[in-house]
>>> print(open('target-v1.csv').read())   # CSV, C-alpha atoms
chain,number,residue,atom,x,y,z
A,160,MET,CA,-5.1,34.2,-13.5
A,161,GLN,CA,-3.1,33.2,-10.4
A,162,LYS,CA,-3.1,29.9,-8.6
A,163,HIS,CA,-3.4,29.8,-4.8
A,164,GLU,CA,-3.3,27.1,-2.2
A,165,ILE,CA,-4.6,26.9,1.4
A,166,GLU,CA,-4.0,24.0,3.8
A,167,ILE,CA,-7.2,22.7,5.5
A,168,THR,CA,-8.2,20.0,7.8
A,169,LYS,CA,-10.0,17.0,6.1
A,170,THR,CA,-11.6,14.0,7.6
A,171,ALA,CA,-10.4,10.7,6.1
A,172,ARG,CA,-11.9,7.3,6.6
A,173,TYR,CA,-10.4,3.9,7.0
A,174,PHE,CA,-11.6,0.3,7.7
A,175,THR,CA,-10.3,-2.4,9.9
A,176,LEU,CA,-10.6,-6.2,10.4
A,177,GLY,CA,-9.8,-7.9,13.7
A,178,GLU,CA,-8.8,-6.4,17.0
A,179,LEU,CA,-5.6,-4.5,18.1
A,180,ASN,CA,-4.9,-5.7,21.6
A,181,GLU,CA,-2.3,-7.5,23.7
A,182,ASN,CA,-2.9,-10.7,21.8
A,183,THR,CA,-2.2,-9.2,18.3
A,184,LYS,CA,0.7,-10.9,16.5
A,185,THR,CA,0.4,-9.4,13.0
A,186,VAL,CA,-0.6,-6.0,11.7
A,187,TRP,CA,-1.3,-5.3,8.0
A,188,PHE,CA,-1.5,-1.8,6.4
A,189,VAL,CA,-3.1,-2.3,3.0
A,190,LEU,CA,-3.5,0.5,0.3
A,191,HIS,CA,-6.1,0.1,-2.4
A,192,GLY,CA,-5.7,0.9,-6.1
A,193,TYR,CA,-7.2,3.5,-8.4
A,194,ALA,CA,-11.1,3.7,-8.5
A,195,GLN,CA,-11.5,1.4,-5.5
A,196,THR,CA,-12.8,1.9,-2.0
A,197,ALA,CA,-11.0,0.8,1.2
A,198,GLU,CA,-14.1,-1.1,2.2
A,199,ASP,CA,-14.3,-3.2,-0.9
A,200,PHE,CA,-10.5,-3.7,-1.1
A,201,LEU,CA,-10.5,-5.0,2.5
A,202,GLU,CA,-13.2,-7.4,1.7
A,203,SER,CA,-11.0,-8.9,-1.0
A,204,LEU,CA,-8.2,-9.3,1.5
A,205,LYS,CA,-10.2,-11.2,4.1
A,206,PRO,CA,-8.0,-14.3,3.8
A,207,LEU,CA,-5.2,-12.3,5.4
A,208,GLN,CA,-7.2,-12.2,8.6
A,209,GLN,CA,-5.6,-15.0,10.4
A,210,GLU,CA,-5.7,-15.6,14.2
A,211,ASN,CA,-4.5,-12.5,16.2
A,212,THR,CA,-4.3,-10.4,13.0
A,213,PHE,CA,-5.3,-6.7,12.7
A,214,ILE,CA,-5.7,-5.2,9.2
A,215,ILE,CA,-6.0,-1.4,8.5
A,216,ALA,CA,-7.2,-0.2,5.1
A,217,PRO,CA,-6.9,3.6,4.7
A,218,GLU,CA,-8.9,5.2,1.8
A,219,GLY,CA,-7.5,7.7,-0.7
A,220,LEU,CA,-8.5,11.3,0.0
A,221,SER,CA,-10.0,11.9,-3.5
A,222,ARG,CA,-13.5,10.4,-4.0
A,223,PHE,CA,-15.4,10.4,-7.3
A,224,TYR,CA,-18.0,8.6,-9.4
A,225,TRP,CA,-16.6,5.9,-11.6
A,226,ARG,CA,-18.1,5.6,-15.1
A,227,ASP,CA,-21.5,7.1,-14.2
A,228,PHE,CA,-23.4,8.6,-11.3
A,229,SER,CA,-25.5,5.5,-10.6
A,230,ASN,CA,-22.5,3.6,-9.2
A,231,ASN,CA,-21.1,4.1,-5.7
A,232,PRO,CA,-18.2,6.6,-5.4
A,233,VAL,CA,-14.7,5.3,-5.5
A,234,ALA,CA,-11.4,6.8,-4.4
A,235,SER,CA,-7.9,7.7,-5.7
A,236,TRP,CA,-4.6,8.6,-4.1
A,237,MET,CA,-3.5,11.2,-6.6
A,238,THR,CA,-3.8,12.5,-10.2
A,239,LYS,CA,-1.3,14.4,-12.3
A,240,THR,CA,-2.9,17.7,-11.2
A,241,ASP,CA,-1.1,19.1,-8.2
A,242,ARG,CA,0.6,15.7,-7.8
A,243,GLU,CA,3.2,16.8,-5.3
A,244,VAL,CA,0.6,18.3,-3.1
A,245,ASP,CA,-1.5,15.1,-3.2
A,246,ILE,CA,1.6,13.1,-2.3
A,247,ASP,CA,2.4,15.3,0.7
A,248,ASP,CA,-1.2,15.1,1.9
A,249,ASN,CA,-1.1,11.3,1.6
A,250,MET,CA,2.1,11.1,3.6
A,251,LYS,CA,0.8,13.2,6.4
A,252,TYR,CA,-2.5,11.3,6.4
A,253,LEU,CA,-0.9,7.8,6.6
A,254,SER,CA,1.6,8.8,9.2
A,255,LYS,CA,-1.0,10.4,11.4
A,256,LEU,CA,-3.1,7.2,11.2
A,257,TYR,CA,-0.1,5.0,12.0
A,258,LYS,CA,0.7,7.1,15.1
A,259,SER,CA,-2.9,7.3,16.3
A,260,LEU,CA,-3.2,3.6,16.2
A,261,PHE,CA,0.2,2.6,17.6
A,262,SER,CA,1.2,5.5,19.9
A,263,LYS,CA,0.3,3.3,22.9
A,264,VAL,CA,1.0,-0.1,21.4
A,265,ASN,CA,4.3,-2.0,21.9
A,266,LEU,CA,5.2,-3.2,18.4
A,267,SER,CA,8.3,-5.1,19.5
A,268,ASN,CA,6.5,-8.5,19.4
A,269,ILE,CA,4.2,-7.7,16.5
A,270,LYS,CA,5.0,-8.3,12.8
A,271,VAL,CA,4.0,-5.3,10.7
A,272,ASN,CA,3.3,-6.0,7.0
A,273,TYR,CA,2.4,-3.6,4.2
A,274,LEU,CA,0.6,-4.2,0.9
A,275,GLY,CA,0.0,-1.7,-1.9
A,276,PHE,CA,-2.1,-2.7,-4.8
A,277,SER,CA,-1.9,-0.9,-8.2
A,278,GLN,CA,-1.8,2.8,-7.5
A,279,GLY,CA,-1.5,2.1,-3.9
A,280,ALA,CA,2.0,0.6,-4.5
A,281,ALA,CA,3.5,3.9,-5.4
A,282,THR,CA,1.9,5.6,-2.4
A,283,LEU,CA,3.2,2.9,-0.2
A,284,SER,CA,6.7,3.0,-1.6
A,285,ARG,CA,6.9,6.7,-0.8
A,286,TRP,CA,5.4,6.5,2.7
A,287,LEU,CA,7.7,3.7,3.9
A,288,PHE,CA,10.7,5.6,2.5
A,289,GLN,CA,9.8,8.9,4.3
A,290,GLU,CA,8.7,7.7,7.7
A,291,ASN,CA,10.5,5.7,10.4
A,292,LEU,CA,8.1,2.8,10.7
A,293,LYS,CA,8.4,-0.8,11.8
A,294,VAL,CA,8.5,-2.8,8.6
A,295,ASN,CA,8.7,-6.6,8.3
A,296,ASN,CA,7.3,-7.5,4.9
A,297,VAL,CA,6.4,-5.2,2.0
A,298,PHE,CA,4.2,-6.5,-0.9
A,299,PHE,CA,3.9,-4.3,-4.0
A,300,TYR,CA,1.0,-6.0,-5.8
A,301,ALA,CA,0.5,-5.2,-9.5
A,302,GLY,CA,1.7,-1.6,-9.2
A,303,ASN,CA,4.8,0.4,-10.0
A,304,ILE,CA,6.7,2.0,-7.2
A,305,ALA,CA,8.3,5.5,-7.1
A,306,THR,CA,11.7,5.2,-8.8
A,307,ASP,CA,13.0,8.7,-7.8
A,308,LEU,CA,14.0,7.6,-4.3
A,309,ASN,CA,17.3,6.2,-3.0
A,310,TYR,CA,16.0,3.1,-1.4
A,311,ALA,CA,19.5,1.9,-0.4
A,312,SER,CA,19.6,4.7,2.2
A,313,SER,CA,16.3,3.7,3.8
A,314,LYS,CA,16.5,1.6,7.0
A,315,GLN,CA,12.9,0.5,6.5
A,316,TYR,CA,13.8,-1.1,3.1
A,317,ILE,CA,17.1,-2.5,4.2
A,318,ASN,CA,15.5,-4.4,7.1
A,319,ALA,CA,12.4,-5.5,5.2
A,320,ASN,CA,11.5,-8.5,3.0
A,321,LEU,CA,10.4,-7.1,-0.3
A,322,TYR,CA,8.0,-8.7,-2.8
A,323,PHE,CA,6.6,-7.8,-6.2
A,324,ILE,CA,3.4,-9.7,-7.2
A,325,TYR,CA,1.6,-9.6,-10.5
A,326,GLY,CA,-0.6,-11.6,-12.9
A,327,ASP,CA,0.8,-13.0,-16.2
A,328,ASN,CA,-2.2,-11.4,-18.0
A,329,ASP,CA,-2.1,-8.0,-16.3
A,330,PHE,CA,-2.9,-5.2,-18.7
A,331,PHE,CA,-0.9,-2.7,-16.7
A,332,ILE,CA,2.1,-4.7,-15.5
A,333,LYS,CA,4.2,-6.7,-18.0
A,334,GLN,CA,7.2,-8.9,-17.7
A,335,LYS,CA,9.5,-6.0,-18.7
A,336,ASP,CA,8.1,-3.9,-15.9
A,337,ALA,CA,9.0,-6.6,-13.4
A,338,ASP,CA,12.4,-7.1,-14.9
A,339,ALA,CA,13.1,-3.3,-14.7
A,340,LEU,CA,12.0,-3.2,-11.1
A,341,LEU,CA,14.3,-6.2,-10.3
A,342,VAL,CA,17.2,-4.3,-11.8
A,343,PHE,CA,16.3,-1.1,-10.0
A,344,PHE,CA,16.2,-2.8,-6.6
A,345,LYS,CA,19.5,-4.6,-7.3
A,346,LYS,CA,21.1,-1.2,-8.1
A,347,ASN,CA,19.8,-0.1,-4.7
A,348,LYS,CA,21.5,-3.1,-3.2
A,349,LEU,CA,18.2,-4.6,-2.1
A,350,LYS,CA,16.7,-8.0,-2.8
A,351,LEU,CA,13.3,-8.1,-4.4
A,352,ASN,CA,11.3,-11.4,-4.5
A,353,ILE,CA,9.0,-11.7,-7.5
A,354,PHE,CA,5.9,-13.9,-7.6
A,355,THR,CA,3.7,-14.3,-10.7
A,356,PHE,CA,0.3,-15.9,-10.8
A,357,GLU,CA,-2.1,-16.8,-13.6
A,358,GLY,CA,-4.6,-13.9,-13.8
A,359,LYS,CA,-5.2,-10.3,-14.6
A,360,HIS,CA,-5.1,-7.0,-12.6
A,361,VAL,CA,-6.9,-8.4,-9.6
A,362,ILE,CA,-6.4,-9.9,-6.1
A,363,THR,CA,-6.4,-13.7,-6.4
A,364,GLU,CA,-6.5,-16.6,-4.0
A,365,THR,CA,-3.3,-17.9,-5.4
A,366,ALA,CA,-1.5,-14.6,-4.7
A,367,LEU,CA,-3.0,-14.3,-1.2
A,368,ASN,CA,-1.9,-17.9,-0.3
A,369,TYR,CA,1.6,-17.0,-1.3
A,370,ILE,CA,1.5,-13.8,0.7
A,371,ILE,CA,0.2,-15.5,3.8
A,372,LYS,CA,3.1,-18.0,3.7
A,373,GLN,CA,5.8,-15.3,3.8
>>> encode(input="target-v1.csv", output="structure tokens")
Amino acid sequence: MQKHEIEITKTARYFTLGELNENTKTVWFVLHGYAQTAEDFLESLKPLQQENTFIIAPEGLSRFYWRDFSNNPVASWMTKTDREVDIDDNMKYLSKLYKSLFSKVNLSNIKVNYLGFSQGAATLSRWLFQENLKVNNVFFYAGNIATDLNYASSKQYINANLYFIYGDNDFFIKQKDADALLVFFKKNKLKLNIFTFEGKHVITETALNYIIKQ
């Protein structure tokens, strides 16, 4: 048996809140976690929609039923099968979306923030490293980043304010994970701000209030 691959065109969907116009002051790119939808994820982030704010929530390219067929389909960014191919597809997808939205927009006076939750944090970390994007604040929320990259060489990371946020009762992220990430960024000569809240592997009002203030 031989394995083969063919590159195709696929239609991806994304959801937005707010308007992108001459009055826009802040833009958010937010990436959902495993077994979520961009629509539901964006709903949980509604407090980020302040005045003159535009939020974009892309959805992972892999869609599937979670637990049983009676539930609505959810999405994922990648699995261990053909992982590198999925990563490459995600990078192309996110970059094309960014360019399609901002090709005719002057970002010089707009703050551009990024948030990756759970599995979305790893995807976000790779995307920001690979592309030359405008980056002000980056929030890795309850998700591990890709640690096979030299972040110290990335202009996006050097110029950004970096944050790691997680709950003190998170099943997937423990104190040791946060400590290891802090050491990793220090080795990369970058400062990482850590915020812990009381809660599990979820988006909370406490965390969002912290994010909004940054």
>>> atom_distance(input="target-v1.csv", atom1="CA of Asp336 in chain A", atom2="CA of Glu357 in chain A")
16.6 Å
>>> residues_around(input="target-v1.csv", residues="Glu178 in chain A", least_positions_apart="6", cutoff="10 Å", atoms="all atoms listed in the file", output="VMD selection string")
chain A and resid 186 211 to 214
>>> residues_around(input="target-v1.csv", residues="Lys348 in chain A", least_positions_apart="6", cutoff="9 Å", atoms="only C-alpha atoms", output="ChimeraX atom specification")
/A:310-311,317
>>> atom_distance(input="target-v1.csv", atom1="CA of Ile304 in chain A", atom2="CA of Ile353 in chain A")
13.9 Å
>>> residues_near_point(input="target-v1.csv", point="(-0.9, -17.7, -6.5)", cutoff="10 Å", atoms="all atoms listed in the file", output="PDB file with C-alpha atoms, keeping the file's coordinate frame")
ATOM      1  CA  ILE A 324       3.400  -9.700  -7.200  1.00  0.00           C
ATOM      2  CA  TYR A 325       1.600  -9.600 -10.500  1.00  0.00           C
ATOM      3  CA  GLY A 326      -0.600 -11.600 -12.900  1.00  0.00           C
ATOM      4  CA  PHE A 354       5.900 -13.900  -7.600  1.00  0.00           C
ATOM      5  CA  THR A 355       3.700 -14.300 -10.700  1.00  0.00           C
ATOM      6  CA  PHE A 356       0.300 -15.900 -10.800  1.00  0.00           C
ATOM      7  CA  GLU A 357      -2.100 -16.800 -13.600  1.00  0.00           C
ATOM      8  CA  GLY A 358      -4.600 -13.900 -13.800  1.00  0.00           C
ATOM      9  CA  ILE A 362      -6.400  -9.900  -6.100  1.00  0.00           C
ATOM     10  CA  THR A 363      -6.400 -13.700  -6.400  1.00  0.00           C
ATOM     11  CA  GLU A 364      -6.500 -16.600  -4.000  1.00  0.00           C
ATOM     12  CA  THR A 365      -3.300 -17.900  -5.400  1.00  0.00           C
ATOM     13  CA  ALA A 366      -1.500 -14.600  -4.700  1.00  0.00           C
ATOM     14  CA  LEU A 367      -3.000 -14.300  -1.200  1.00  0.00           C
ATOM     15  CA  ASN A 368      -1.900 -17.900  -0.300  1.00  0.00           C
ATOM     16  CA  TYR A 369       1.600 -17.000  -1.300  1.00  0.00           C
ATOM     17  CA  ILE A 370       1.500 -13.800   0.700  1.00  0.00           C
TER      18      ILE A 370
END
>>> residues_around(input="target-v1.csv", residues="range 295-302 of chain A", least_positions_apart="6", cutoff="10 Å", atoms="all atoms listed in the file", output="ChimeraX atom specification")
/A:185-192,269-284,287,315-316,318-326,329-333,336-337,351-355,359-362,366,370,373
>>> closest_residue(input="target-v1.csv", among="A:Lys255, A:Arg285, A:Lys314, A:Arg172", to="Arg222 in chain A", atoms="only C-alpha atoms")
A:Arg172
>>> residues_around(input="target-v1.csv", residues="Trp236 in chain A", least_positions_apart="4", cutoff="8 Å", atoms="all atoms listed in the file", output="list in words")
Tyr193, Gly219, Leu220, Ser221, Asp245, Ile246, Asn249, Gln278, Gly279 and Thr282 of chain A
